[in-house]
Amino acid sequence: MLFSLEQISYRRAGRAVLSDLTADLAEGTTALVGPSGAGKSTLLRLLNRLADPHAGTVHYRGRDVRDYDVLALRREVALVPQLPALLAGTVANNVSYGPRLRGEECDIDCALALAGLDASFAGRTAYQLSVGEQQRVMLARALALEPRVLLLDEPTAALDERARDAIERTLLEVSARMSAGLIFVTHDRAQARRLADRLVHIDNGRIATGLGPRP
Amino acid sequence: MILAIHLSLAQVAATLALVAIAAAVSGWQRADLERDIAVATFRSFLQLTAIGYVIKLIFDQNKLIFVLALIAAMVIFGAFTARRRARRVPGAFWPLLIALALAGTATLALVVALGVFQARARYLVPVGGMVIGNAMTAAAVALNRLGDDIADAAPQIEATLALGATAGQAMRPILQRSLRSGMIPLIDSTKTTGLIFFPGTMVGMLLAGAAPIDAVRLQLTLLYVLLGSVALAALTAVLLAYRNFFTSAHQLREPC
């Protein structure tokens, strides 16, 4: 099993965001669906330890996530947040950031191509790109880490229909390349059905319908 | 030759006319600062008079232990005061205390070691007071900026942590900005000194009858000493305080 969540509880400002949640997330592509505020994004952040649950445990490949080196875990389980949050400078500077932290180089053009951007983007200023392009740079930046698992938080929330369709095509290609899995959050059930092997429906901090294969 | 200036209490009281102008302006423009002006006037009178007698005692004794005790008291009070301006920084007191103590002791030790001032109460007390006062302002401004920037840039910080960056790596641009915020006011005032304003030490020496060149040299010495101490204080405060925003697993803590 890729991730096993056991009786997870998480509170924010005294309010329960996740309550006694238990679930298994298998390899492949999984969509976490549910209404806004259901706890989907929080759940995603627990998977690569951007946060720890107040109760319960998260296992990754059979081991408690707290037993991994946290920085190595985040490189192996890369997360792309909902809103573009790029560094100042060029697209290339952003894409190569993660590998450079380890003193490694990366194939920037390849990462851009995987995210659906051509090599001419490398020299452009990150802040001057459209939201859709920034979203793709965020994706390229995560892919440059060569992660085994990719976590995506509402990857198309800020995009129009045309840009959304283009990103979805890219995500289908990316998911085929991921060695272990792709887990994404969406409030759009139709999108979940288009992209995912299985859906996990979360409502009010709990699993609402359990796991199931794509209908 | 330096001539000491003696002012009577009546002369000091006469300057309250200027305070009355400040209060009148506030009342006329409804700035609602009259009470603050009254408190500031009363506190400054009380505090400076009290410290005047303390300094007189320390000068008369001329023992290093009294100097150290006074500087320690200034450091502690400075850390408490600066903490109030860094409300968004959790556990800001200890970073501020260490920053002010380090800036104060390192600066004074260095100027004594370089032979700029003698290790006597008459020199160490006023220089120490200036150093800690300026260090306090710089550290408070730097931490205030740190707290605001972390609150504003939390999504960017988390996005960087998600790429496998340590808290220190994710914070680098914010730490740079905080440090700049703490240091820029003094750097700017150092740039414009003599052109736009005369700094306090120089004014004091000129009023006391010192030769202008002597006044300038002492002022320059103090400005350069302050630049070093302010940098040390802002850097120490920022480097120690940012850690309180993160867990040991490089997670950004939820705001309290």
# chains A, B, ... in the order shown; residues from 1 in each chain; ligands from 1
>>> select_by_dssp(residues="range 132-186 of chain A", states="strand (DSSP E)", output="PyMOL selection string")
chain A and resi 149-153+181-186
>>> residues_around(residues="range 220-226 of chain B", least_positions_apart="2", cutoff="9 Å", atoms="only C-alpha atoms", output="ChimeraX atom specification")
/B:107-108,111,116,127,130-131,134-135,186,190,201,215-218,228-231
>>> write_last_selection(atoms="N, CA and C atoms", output="CSV table (one decimal), in the first residue's frame")
chain,number,residue,atom,x,y,z
B,107,THR,N,30.3,44.9,21.2
B,107,THR,CA,30.7,46.2,20.7
B,107,THR,C,31.6,46.9,21.8
B,108,LEU,N,31.1,46.9,23.0
B,108,LEU,CA,31.9,47.6,24.1
B,108,LEU,C,33.3,46.9,24.2
B,111,VAL,N,35.5,48.1,21.2
B,111,VAL,CA,36.0,49.5,21.3
B,111,VAL,C,37.0,49.7,22.4
B,116,VAL,N,39.7,52.7,21.6
B,116,VAL,CA,38.9,53.9,21.2
B,116,VAL,C,38.4,54.5,22.5
B,127,VAL,N,28.1,55.0,26.1
B,127,VAL,CA,28.2,54.3,24.8
B,127,VAL,C,27.3,53.1,24.9
B,130,MET,N,23.7,53.9,24.3
B,130,MET,CA,23.4,54.2,22.8
B,130,MET,C,23.4,53.0,22.0
B,131,VAL,N,24.3,52.1,22.3
B,131,VAL,CA,24.4,50.8,21.5
B,131,VAL,C,23.2,50.0,21.7
B,134,ASN,N,19.9,51.6,20.2
B,134,ASN,CA,19.9,51.5,18.7
B,134,ASN,C,19.7,50.0,18.3
B,135,ALA,N,20.4,49.1,19.1
B,135,ALA,CA,20.2,47.7,18.8
B,135,ALA,C,18.8,47.2,19.0
B,186,LEU,N,19.3,53.1,10.2
B,186,LEU,CA,20.6,53.7,10.7
B,186,LEU,C,21.6,54.0,9.6
B,190,THR,N,23.0,57.6,8.8
B,190,THR,CA,24.4,57.8,8.8
B,190,THR,C,24.8,58.5,7.4
B,201,THR,N,25.0,63.3,19.9
B,201,THR,CA,26.2,63.4,20.6
B,201,THR,C,27.0,64.7,20.2
B,215,ALA,N,34.0,67.2,18.4
B,215,ALA,CA,32.6,66.8,18.4
B,215,ALA,C,32.3,65.8,17.2
B,216,VAL,N,32.9,66.2,16.1
B,216,VAL,CA,32.7,65.4,14.9
B,216,VAL,C,33.3,64.1,15.0
B,217,ARG,N,34.6,64.1,15.5
B,217,ARG,CA,35.3,62.8,15.6
B,217,ARG,C,34.6,61.8,16.6
B,218,LEU,N,34.1,62.4,17.7
B,218,LEU,CA,33.4,61.5,18.6
B,218,LEU,C,32.1,61.0,18.0
B,228,GLY,N,27.9,48.7,13.4
B,228,GLY,CA,28.3,47.3,13.7
B,228,GLY,C,27.4,46.6,14.7
B,229,SER,N,27.0,47.4,15.8
B,229,SER,CA,26.2,46.8,16.8
B,229,SER,C,24.8,46.5,16.3
B,230,VAL,N,24.3,47.4,15.5
B,230,VAL,CA,22.9,47.3,14.9
B,230,VAL,C,22.9,46.0,14.0
B,231,ALA,N,23.9,45.9,13.2
B,231,ALA,CA,24.0,44.7,12.3
B,231,ALA,C,24.0,43.4,13.1
>>> interface_residues(of="chain A", to="chain B", cutoff="6 Å", atoms="only C-alpha atoms", output="PyMOL selection string")
chain A and resi 50+71+74-75+79+85+98
>>> atom_distance(atom1="CA of Gly182 in chain B", atom2="CA of Leu87 in chain A")
23.2 Å
>>> select_by_dssp(residues="range 33-224 of chain B", states="alpha helix (DSSP H)", output="ChimeraX atom specification")
/B:34-61,64-85,93-113,121-152,154-161,167-192,200-207,212-224
>>> closest_residue(among="B:Leu33, B:Ala38, B:Ala237, B:Val125", to="Leu146 in chain B", atoms="only C-alpha atoms")
B:Ala237
>>> closest_residue(among="B:Phe42, B:Leu124, B:Gly129, B:Ala211", to="Phe77 in chain B", atoms="only C-alpha atoms")
B:Gly129
>>> residues_around(residues="range 38-40 of chain A", least_positions_apart="2", cutoff="10 Å", atoms="only C-alpha atoms", output="PyMOL selection string")
chain A and resi 10+16-19+31-36+42-45+153-154+184-187+200-207
>>> closest_residue(among="B:Leu207, B:Val19, B:Ala234, B:Val39", to="Leu7 in chain B", atoms="only C-alpha atoms")
B:Leu207
>>> residues_around(residues="range 45-52 of chain B", least_positions_apart="4", cutoff="12 Å", atoms="only C-alpha atoms", output="list in words")
Leu9, Val12, Ala13, Leu16, Ala38, Val39, Ala40, Thr41, Lys56, Leu57, Ile58, Phe59, Leu70, Ile71, Ala73, Met74, Val125, Pro126 and Gly129 of chain B
>>> write_last_selection(atoms="N, CA, C and O atoms", output="PDB file, in the first residue's frame")
ATOM      1  N   LEU B   9      15.896  73.619  37.038  1.00  0.00           N
ATOM      2  CA  LEU B   9      14.611  72.951  36.783  1.00  0.00           C
ATOM      3  C   LEU B   9      13.639  73.901  36.104  1.00  0.00           C
ATOM      4  O   LEU B   9      12.826  73.494  35.279  1.00  0.00           O
ATOM      5  N   VAL B  12      14.277  73.832  32.456  1.00  0.00           N
ATOM      6  CA  VAL B  12      13.714  72.601  31.870  1.00  0.00           C
ATOM      7  C   VAL B  12      12.195  72.762  31.747  1.00  0.00           C
ATOM      8  O   VAL B  12      11.603  72.447  30.705  1.00  0.00           O
ATOM      9  N   ALA B  13      11.577  73.283  32.808  1.00  0.00           N
ATOM     10  CA  ALA B  13      10.115  73.441  32.805  1.00  0.00           C
ATOM     11  C   ALA B  13       9.668  74.390  31.696  1.00  0.00           C
ATOM     12  O   ALA B  13       8.599  74.207  31.094  1.00  0.00           O
ATOM     13  N   LEU B  16       8.506  73.015  28.465  1.00  0.00           N
ATOM     14  CA  LEU B  16       7.172  72.392  28.388  1.00  0.00           C
ATOM     15  C   LEU B  16       6.251  73.199  27.478  1.00  0.00           C
ATOM     16  O   LEU B  16       5.226  72.691  27.026  1.00  0.00           O
ATOM     17  N   ALA B  38       1.268  63.449  27.178  1.00  0.00           N
ATOM     18  CA  ALA B  38       1.403  63.683  28.625  1.00  0.00           C
ATOM     19  C   ALA B  38       2.183  62.544  29.278  1.00  0.00           C
ATOM     20  O   ALA B  38       3.093  62.778  30.086  1.00  0.00           O
ATOM     21  N   VAL B  39       1.826  61.311  28.897  1.00  0.00           N
ATOM     22  CA  VAL B  39       2.517  60.135  29.467  1.00  0.00           C
ATOM     23  C   VAL B  39       3.994  60.163  29.076  1.00  0.00           C
ATOM     24  O   VAL B  39       4.880  59.931  29.919  1.00  0.00           O
ATOM     25  N   ALA B  40       4.270  60.470  27.793  1.00  0.00           N
ATOM     26  CA  ALA B  40       5.658  60.495  27.321  1.00  0.00           C
ATOM     27  C   ALA B  40       6.467  61.554  28.075  1.00  0.00           C
ATOM     28  O   ALA B  40       7.616  61.308  28.476  1.00  0.00           O
ATOM     29  N   THR B  41       5.854  62.721  28.277  1.00  0.00           N
ATOM     30  CA  THR B  41       6.552  63.810  28.971  1.00  0.00           C
ATOM     31  C   THR B  41       6.856  63.420  30.417  1.00  0.00           C
ATOM     32  O   THR B  41       7.973  63.570  30.906  1.00  0.00           O
ATOM     33  N   LYS B  56      25.116  58.976  38.073  1.00  0.00           N
ATOM     34  CA  LYS B  56      25.994  59.748  38.970  1.00  0.00           C
ATOM     35  C   LYS B  56      26.641  58.813  39.994  1.00  0.00           C
ATOM     36  O   LYS B  56      27.854  58.867  40.244  1.00  0.00           O
ATOM     37  N   LEU B  57      25.821  57.936  40.549  1.00  0.00           N
ATOM     38  CA  LEU B  57      26.329  56.977  41.532  1.00  0.00           C
ATOM     39  C   LEU B  57      27.403  56.081  40.907  1.00  0.00           C
ATOM     40  O   LEU B  57      28.467  55.856  41.495  1.00  0.00           O
ATOM     41  N   ILE B  58      27.114  55.601  39.685  1.00  0.00           N
ATOM     42  CA  ILE B  58      28.054  54.684  39.020  1.00  0.00           C
ATOM     43  C   ILE B  58      29.352  55.416  38.662  1.00  0.00           C
ATOM     44  O   ILE B  58      30.444  54.870  38.834  1.00  0.00           O
ATOM     45  N   PHE B  59      29.208  56.647  38.213  1.00  0.00           N
ATOM     46  CA  PHE B  59      30.414  57.434  37.890  1.00  0.00           C
ATOM     47  C   PHE B  59      31.265  57.657  39.151  1.00  0.00           C
ATOM     48  O   PHE B  59      32.485  57.541  39.127  1.00  0.00           O
ATOM     49  N   LEU B  70      24.179  47.837  35.202  1.00  0.00           N
ATOM     50  CA  LEU B  70      23.319  48.795  34.509  1.00  0.00           C
ATOM     51  C   LEU B  70      23.062  48.337  33.072  1.00  0.00           C
ATOM     52  O   LEU B  70      21.922  48.396  32.582  1.00  0.00           O
ATOM     53  N   ILE B  71      24.115  47.868  32.409  1.00  0.00           N
ATOM     54  CA  ILE B  71      23.955  47.412  31.016  1.00  0.00           C
ATOM     55  C   ILE B  71      23.047  46.192  30.960  1.00  0.00           C
ATOM     56  O   ILE B  71      22.180  46.079  30.081  1.00  0.00           O
ATOM     57  N   ALA B  73      20.627  45.526  32.990  1.00  0.00           N
ATOM     58  CA  ALA B  73      19.258  46.014  33.199  1.00  0.00           C
ATOM     59  C   ALA B  73      18.711  46.622  31.902  1.00  0.00           C
ATOM     60  O   ALA B  73      17.556  46.393  31.540  1.00  0.00           O
ATOM     61  N   MET B  74      19.573  47.371  31.199  1.00  0.00           N
ATOM     62  CA  MET B  74      19.126  47.982  29.930  1.00  0.00           C
ATOM     63  C   MET B  74      18.798  46.906  28.900  1.00  0.00           C
ATOM     64  O   MET B  74      17.835  47.017  28.130  1.00  0.00           O
ATOM     65  N   VAL B 125      29.167  53.588  30.116  1.00  0.00           N
ATOM     66  CA  VAL B 125      27.728  53.752  30.382  1.00  0.00           C
ATOM     67  C   VAL B 125      27.025  54.483  29.231  1.00  0.00           C
ATOM     68  O   VAL B 125      26.056  53.964  28.671  1.00  0.00           O
ATOM     69  N   PRO B 126      27.491  55.673  28.825  1.00  0.00           N
ATOM     70  CA  PRO B 126      26.765  56.334  27.725  1.00  0.00           C
ATOM     71  C   PRO B 126      26.863  55.586  26.399  1.00  0.00           C
ATOM     72  O   PRO B 126      25.872  55.488  25.665  1.00  0.00           O
ATOM     73  N   GLY B 129      24.588  52.586  26.552  1.00  0.00           N
ATOM     74  CA  GLY B 129      23.186  52.984  26.424  1.00  0.00           C
ATOM     75  C   GLY B 129      22.802  53.246  24.978  1.00  0.00           C
ATOM     76  O   GLY B 129      21.748  52.813  24.508  1.00  0.00           O
TER      77      GLY B 129
END
>>> residues_around(residues="range 116-124 of chain A", least_positions_apart="4", cutoff="12 Å", atoms="only C-alpha atoms", output="VMD selection string")
chain A and resid 88 to 96 107 to 112 128 to 130 132 to 141 143 163 166 to 174
>>> write_last_selection(atoms="N, CA, C and O atoms", output="short mmCIF file (atom, residue, chain, number, x, y, z; two decimals), in the first residue's frame")
data_model
loop_
_atom_site.label_atom_id
_atom_site.label_comp_id
_atom_site.auth_asym_id
_atom_site.auth_seq_id
_atom_site.Cartn_x
_atom_site.Cartn_y
_atom_site.Cartn_z
N ALA A 88 11.40 34.30 -6.93
CA ALA A 88 11.78 35.38 -7.83
C ALA A 88 12.82 34.85 -8.82
O ALA A 88 13.55 33.92 -8.52
N GLY A 89 12.85 35.44 -9.99
CA GLY A 89 13.85 35.03 -10.98
C GLY A 89 13.22 34.31 -12.16
O GLY A 89 12.01 34.40 -12.39
N THR A 90 14.03 33.57 -12.86
CA THR A 90 13.56 32.94 -14.09
C THR A 90 12.85 31.62 -13.81
O THR A 90 12.93 31.06 -12.71
N VAL A 91 12.19 31.13 -14.85
CA VAL A 91 11.56 29.81 -14.78
C VAL A 91 12.64 28.75 -14.52
O VAL A 91 12.45 27.85 -13.69
N ALA A 92 13.78 28.88 -15.20
CA ALA A 92 14.87 27.89 -15.00
C ALA A 92 15.32 27.87 -13.55
O ALA A 92 15.56 26.80 -12.98
N ASN A 93 15.41 29.05 -12.95
CA ASN A 93 15.81 29.15 -11.54
C ASN A 93 14.83 28.39 -10.65
O ASN A 93 15.22 27.73 -9.69
N ASN A 94 13.55 28.49 -10.99
CA ASN A 94 12.53 27.79 -10.22
C ASN A 94 12.60 26.29 -10.41
O ASN A 94 12.53 25.53 -9.45
N VAL A 95 12.72 25.87 -11.66
CA VAL A 95 12.68 24.44 -11.96
C VAL A 95 13.90 23.73 -11.34
O VAL A 95 13.79 22.61 -10.85
N SER A 96 15.03 24.41 -11.36
CA SER A 96 16.26 23.75 -10.87
C SER A 96 16.44 23.90 -9.36
O SER A 96 17.39 23.37 -8.79
N ASP A 107 17.70 18.35 -15.76
CA ASP A 107 17.40 18.65 -17.16
C ASP A 107 16.16 19.55 -17.17
O ASP A 107 15.02 19.07 -17.09
N ILE A 108 16.41 20.85 -17.22
CA ILE A 108 15.31 21.82 -17.13
C ILE A 108 14.35 21.67 -18.31
O ILE A 108 13.12 21.66 -18.13
N ASP A 109 14.90 21.54 -19.50
CA ASP A 109 14.05 21.43 -20.69
C ASP A 109 13.14 20.21 -20.60
O ASP A 109 11.96 20.27 -20.99
N CYS A 110 13.68 19.11 -20.08
CA CYS A 110 12.90 17.88 -19.96
C CYS A 110 11.75 18.08 -18.98
O CYS A 110 10.61 17.70 -19.25
N ALA A 111 12.06 18.70 -17.82
CA ALA A 111 11.02 18.93 -16.81
C ALA A 111 9.94 19.85 -17.37
O ALA A 111 8.74 19.64 -17.16
N LEU A 112 10.36 20.88 -18.12
CA LEU A 112 9.38 21.80 -18.74
C LEU A 112 8.51 21.07 -19.75
O LEU A 112 7.29 21.26 -19.79
N GLN A 128 5.99 36.98 -14.48
CA GLN A 128 5.31 37.58 -15.62
C GLN A 128 4.46 36.58 -16.41
O GLN A 128 3.87 36.93 -17.42
N LEU A 129 4.44 35.33 -15.97
CA LEU A 129 3.68 34.32 -16.69
C LEU A 129 2.20 34.38 -16.29
O LEU A 129 1.87 34.90 -15.22
N SER A 130 1.34 33.80 -17.13
CA SER A 130 -0.08 33.71 -16.76
C SER A 130 -0.22 32.68 -15.64
O SER A 130 0.71 31.90 -15.37
N GLY A 132 -2.00 30.02 -15.55
CA GLY A 132 -1.90 28.67 -16.09
C GLY A 132 -0.45 28.26 -16.34
O GLY A 132 -0.05 27.13 -16.04
N GLU A 133 0.32 29.21 -16.87
CA GLU A 133 1.74 28.92 -17.11
C GLU A 133 2.50 28.75 -15.80
O GLU A 133 3.35 27.86 -15.67
N GLN A 134 2.15 29.58 -14.81
CA GLN A 134 2.80 29.43 -13.50
C GLN A 134 2.48 28.07 -12.89
O GLN A 134 3.34 27.44 -12.27
N GLN A 135 1.24 27.65 -13.08
CA GLN A 135 0.84 26.34 -12.55
C GLN A 135 1.69 25.23 -13.19
O GLN A 135 2.11 24.28 -12.52
N ARG A 136 1.95 25.39 -14.48
CA ARG A 136 2.78 24.38 -15.17
C ARG A 136 4.23 24.45 -14.68
O ARG A 136 4.90 23.42 -14.57
N VAL A 137 4.72 25.66 -14.38
CA VAL A 137 6.10 25.78 -13.85
C VAL A 137 6.17 25.10 -12.47
O VAL A 137 7.15 24.42 -12.15
N MET A 138 5.10 25.27 -11.68
CA MET A 138 5.05 24.58 -10.37
C MET A 138 5.14 23.07 -10.57
O MET A 138 5.81 22.36 -9.81
N LEU A 139 4.43 22.59 -11.59
CA LEU A 139 4.45 21.15 -11.89
C LEU A 139 5.85 20.72 -12.34
O LEU A 139 6.40 19.72 -11.87
N ALA A 140 6.47 21.53 -13.23
CA ALA A 140 7.82 21.21 -13.72
C ALA A 140 8.82 21.22 -12.57
O ALA A 140 9.72 20.37 -12.51
N ARG A 141 8.64 22.16 -11.65
CA ARG A 141 9.54 22.28 -10.50
C ARG A 141 9.48 21.02 -9.63
O ARG A 141 10.49 20.54 -9.12
N LEU A 143 8.41 18.02 -10.78
CA LEU A 143 8.88 16.88 -11.59
C LEU A 143 10.41 16.85 -11.68
O LEU A 143 11.00 15.77 -11.84
N ALA A 163 -7.65 25.96 -20.52
CA ALA A 163 -6.39 25.69 -19.83
C ALA A 163 -6.52 24.45 -18.96
O ALA A 163 -5.59 23.66 -18.82
N ALA A 166 -6.12 21.39 -21.05
CA ALA A 166 -4.72 21.20 -21.42
C ALA A 166 -3.93 20.61 -20.25
O ALA A 166 -3.12 19.68 -20.43
N ILE A 167 -4.17 21.13 -19.04
CA ILE A 167 -3.47 20.61 -17.85
C ILE A 167 -3.88 19.16 -17.61
O ILE A 167 -3.05 18.31 -17.25
N GLU A 168 -5.16 18.87 -17.80
CA GLU A 168 -5.62 17.49 -17.58
C GLU A 168 -4.91 16.52 -18.52
O GLU A 168 -4.53 15.41 -18.11
N ARG A 169 -4.73 16.96 -19.80
CA ARG A 169 -4.00 16.08 -20.74
C ARG A 169 -2.57 15.86 -20.24
O ARG A 169 -2.05 14.74 -20.28
N THR A 170 -1.96 16.93 -19.75
CA THR A 170 -0.59 16.82 -19.21
C THR A 170 -0.56 15.88 -18.01
O THR A 170 0.33 15.02 -17.90
N LEU A 171 -1.56 16.00 -17.13
CA LEU A 171 -1.57 15.17 -15.93
C LEU A 171 -1.74 13.69 -16.27
O LEU A 171 -1.16 12.82 -15.61
N LEU A 172 -2.53 13.41 -17.32
CA LEU A 172 -2.68 12.00 -17.73
C LEU A 172 -1.34 11.45 -18.20
O LEU A 172 -0.98 10.30 -17.90
N GLU A 173 -0.58 12.30 -18.93
CA GLU A 173 0.76 11.86 -19.37
C GLU A 173 1.70 11.69 -18.19
O GLU A 173 2.45 10.71 -18.11
N VAL A 174 1.63 12.64 -17.26
CA VAL A 174 2.51 12.58 -16.08
C VAL A 174 2.18 11.36 -15.24
O VAL A 174 3.08 10.64 -14.78
#
>>> residues_around(residues="Ala158 in chain A", least_positions_apart="3", cutoff="8 Å", atoms="only C-alpha atoms", output="number ranges by chain")
A: 83, 131-132, 155
>>> write_last_selection(atoms="C-alpha atoms", output="PDB file, in the first residue's frame")
ATOM      1  CA  LEU A  83      -1.879  28.532  -5.809  1.00  0.00           C
ATOM      2  CA  VAL A 131      -1.605  31.745 -13.870  1.00  0.00           C
ATOM      3  CA  GLY A 132      -1.898  28.669 -16.087  1.00  0.00           C
ATOM      4  CA  PRO A 155      -4.307  21.668 -10.055  1.00  0.00           C
TER       5      PRO A 155
END
